[in-house]
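Here's the structure we're looking at; comments come further down.
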Amino acid sequence: MTGGLQVRLDVAYAGFRLAVDLQLPGSGITALFGPSGSGKTTCLRAIAGLERAPGGYVSVNGEVWQDEATGVFQPTHRRALAYVFQEASLFAHLSVRRNLEYGFRRVSGGAGPASFAGAVELLGIGPLLDRQPDRLSGGERQRVAIARALLTNPRLMLFDEPLAAIDAARKDEILPYLERLHGELQIPSIYVSHNADEVARLADHLVILDQGTVAASGPLQATLARIDLPAALLDRAGVVIEASVTDLHAADHLARLAFRGGTLLVPSTGRPVGRRVRCRIEARDVSLTLNRQDDTSILNLVPATITAVTDTTHPAQCLVQLDAGGTLLLAQVTRRSWETLQLAPGKAVWAQVKAVALVG
Amino acid sequence: MLSANDLTAIWLTLKLATVVTGVLLLIGTPIAWWLARTRSWWKRPVAAIVALPLVLPPTVIGFYLLVAMGPYGPLGQLTEALGLGLLPFTFAGLVVASVIYSMPFVIQPLHNAFEAIGERPLEVAATLRAGPVDRFFSVAMPLARPGFITGAILGFAHTIGEFGVVLMIGGSIPGQTRVVSVQIYDHVQAFEYARAHWLAGALLVFSFLVLLALYAFNPSRRATWS
């Protein structure tokens, strides 16, 4: 099997060891998620060859970039990758246009789908071309950096927390562009983040790193619903579900979303009927009842069956995994409620969903 | 007014400073780049050697160079073996001595400028397919431009102001080694104060203008990386 991305690294730095063995899909966005200090950025830098990982192995869709067993180590400039750094990394001595041309002109042969006009249009940076980088906002700089990276016709795109250094308002200015990238291009990407909302919004595949090792790796939805992860990662647990808008209730400004296993009512945000959406439901926004409650202000009641339970970092709480007609949900309830309601795996319950975040 | 001899000395001085600045930019750039990038233990002794001319009296440097370039010194034997003859009391000898004497004034600004760039722009360039040599010329050199300007101006000006090393190595041969500072010294020795005034005044004005240009080019240490 040579397809997809294969990454094997085992490197030790002062007081820190990164040991990962990853098989990632050859398309779509893989999020590398984990707390700071978990080795996400080191892993990304090693894939790019910016950090030498002795004994490492990196191949991308059949192209071997590093295989120290056979003495192969392509330096960064020979790897067909694009790297978007956390902070804006534009060359201060070049205009936006010349920044974009820097990598574009160096791609041998110029073969590939990237077109200058196409990248400029995709990232919406046409009006900025003749400016100097120090005359751009943080969000504009990052869009230019992404376009510049795209223009090298990469076989792999690496994003190192590209939104971390940007304030919240500007993030919303860039995220739609990242989504367009995801929708319109077939380039596999690895996206490092410690922001659960960004991951929920962008990723198809999820790798969770914890203290330099892989805690989980798999499709986004299935992996987020797992409860066998290190407890610290479960404290802000939540699932992401794919749904589509089925009807709009103009009178009370609500939209109905259908997902496999039920429906949800959410405040309408202008998305038309038929639109696919992603929603994130955090475990702490889900409570459980044995009978359907009709005298509650909570609109979303979903019948489900308990499949598993686990501890969290606080002894008062437990995390419950539910199967709602084929879609997994997570609920955080107190141990006392668990005992009082005599909950157990296999028991049928109603999940009361207090909040649903539309993330994309 | 300035005599024909004075003009010869001025011309010689400008020629010496130009050649020395050129040579120092050529050999100083790789040394400064290496100093800014290496993690080798050798960085410290090399940096110390480069800085030595800052603290040593010019006569000490001149004395050692005179010995080294003399018929029994290693440099002298090398130049004789190469058929170049002996360097002391020649223009070439002055160039060699001045290169050493003015070295820190060119290398240190370059070293600082290269260090100020940091790793990131070079890493970015690598991810954009630029190889090591390409990265140096397309990213490091342009971003270190203030360092090149400062180094060139300081190296040029410092060579013009040199006296002790020249006296030890070059003596006072008109058109060969008699630079402005030596010419002024000779005027004073001969009690020709009026002529010394003209030359000294010219040097004073020139030095002021050079430093003015330096501060005009680099008004402040602006961030070169955004």
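Each chain of the structure tokens is named A, B, ... in the order shown, its residues numbered from 1; ligands are numbered from 1 in display order.
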Just need the residues of chain A within 6 Å of chain B, counting only C-alpha atoms, so spit them out as a PyMOL selection string.
chain A and resi 76-77+92+103
Selection near A:Gly49, 10 Å with only C-alpha atoms, sequence-local residues under 3 positions removed, as a list of chain:residue names
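Within the cut-off, the hits are A:Cys43, A:Leu44, A:Arg45, A:Ala46, A:Arg52, A:Ala53, A:Val58, A:Trp65, A:Gln66, A:Phe73, A:Gln74, A:Pro75, A:Thr76, A:His77, A:Arg78, A:Arg79, B:Glu123, B:Ala126, B:Thr127.
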Surrounding residues of stretch 110-118 of chain B excluding itself and chain neighbours under 4 positions, 6 Å, only C-alpha atoms, as a PyMOL selection string
chain B and resi 32+36+144+147
Within 10 Å of stretch 190-197 of chain B, counting only C-alpha atoms, which residues qualify if same-chain residues fewer than 3 places away don't, as a list of chain:residue names?
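What passes the distance filter is B:Met1, B:Leu2, B:Ser3, B:Asp6, B:Val180, B:Ser181, B:Gln183, B:Ile184, B:Tyr185, B:Asp186, B:His187, B:Ala200, B:Gly201, B:Ala202, B:Leu203.
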Å distance separating atom CA of A:Ala149 from atom CA of A:Ala216, one decimal place:
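Going from atom CA of A:Ala149 over to atom CA of A:Ala216, I get 28.8 Å.
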Using only C-alpha atoms, which residues sit within 10 Å of A:Gly270 once same-chain residues fewer than 4 positions away are excluded, as a tab-separated table (two decimals) with C-alpha atoms, in the first residue's frame?
```tsv
chain	number	residue	atom	x	y	z
A	248	LEU	CA	-37.36	26.72	7.43
A	253	HIS	CA	-36.79	31.96	12.70
A	254	LEU	CA	-35.85	28.32	13.09
A	255	ALA	CA	-34.41	25.83	10.63
```
The distance between atom CA of B:Leu214 and atom CA of B:Val95 is 23.5 Å
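Inside stretch 101-217 of chain A, the residues DSSP reads as strand (DSSP E) when given the backbone are Leu156, Met157, Leu158, Phe159, Asp160, Ser189, Ile190, Tyr191, Val192, Ser193, His205, Leu206, Val207, Ile208, Leu209, Asp210, Thr213, Val214, Ala215, Ala216 and Ser217 of chain A.
Of note, atom CA of A:Lys347 and atom CA of A:Ala331 are spaced 14.1 Å apart.
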Might you pull out every residue within 8 Å of B:Ile153, with only C-alpha atoms counted and same-chain residues fewer than 3 positions away left off, and present them as a VMD selection string?
chain B and resid 149 to 150 156 to 157 210 214
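For A:Pro133, the non-local neighbours within 10 Å, defined as residues at least 2 positions apart in the same chain or in other chains and counting only C-alpha atoms, are Ala88, Ser89, Leu90, Phe91, Ala92, His93, Leu94, Ser95, Val96, Asn99, Leu128, Leu129, Asp130, Arg131, Arg135, Leu136, Ser137, Gly138, Glu140, Arg141 and Val144 of chain A; Trp225 and Ser226 of chain B.
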Which residues in stretch 7-221 of chain B does DSSP call helix (DSSP H, G or I)? List them as a PyMOL selection string.
chain B and resi 7-37+43-55+58-69+74-81+91-117+120-127+132-143+145-160+164-170+180-189+193-217
Distance criterion (only C-alpha atoms): nearest to B:Ser98 out of B:Phe217, B:Phe148, B:Phe208, B:Phe163:
B:Phe163
Nearest to B:Trp34, chosen from B:Ile107, B:Arg135, B:Leu199, B:Pro146, with only C-alpha atoms counted in the distances
B:Ile107
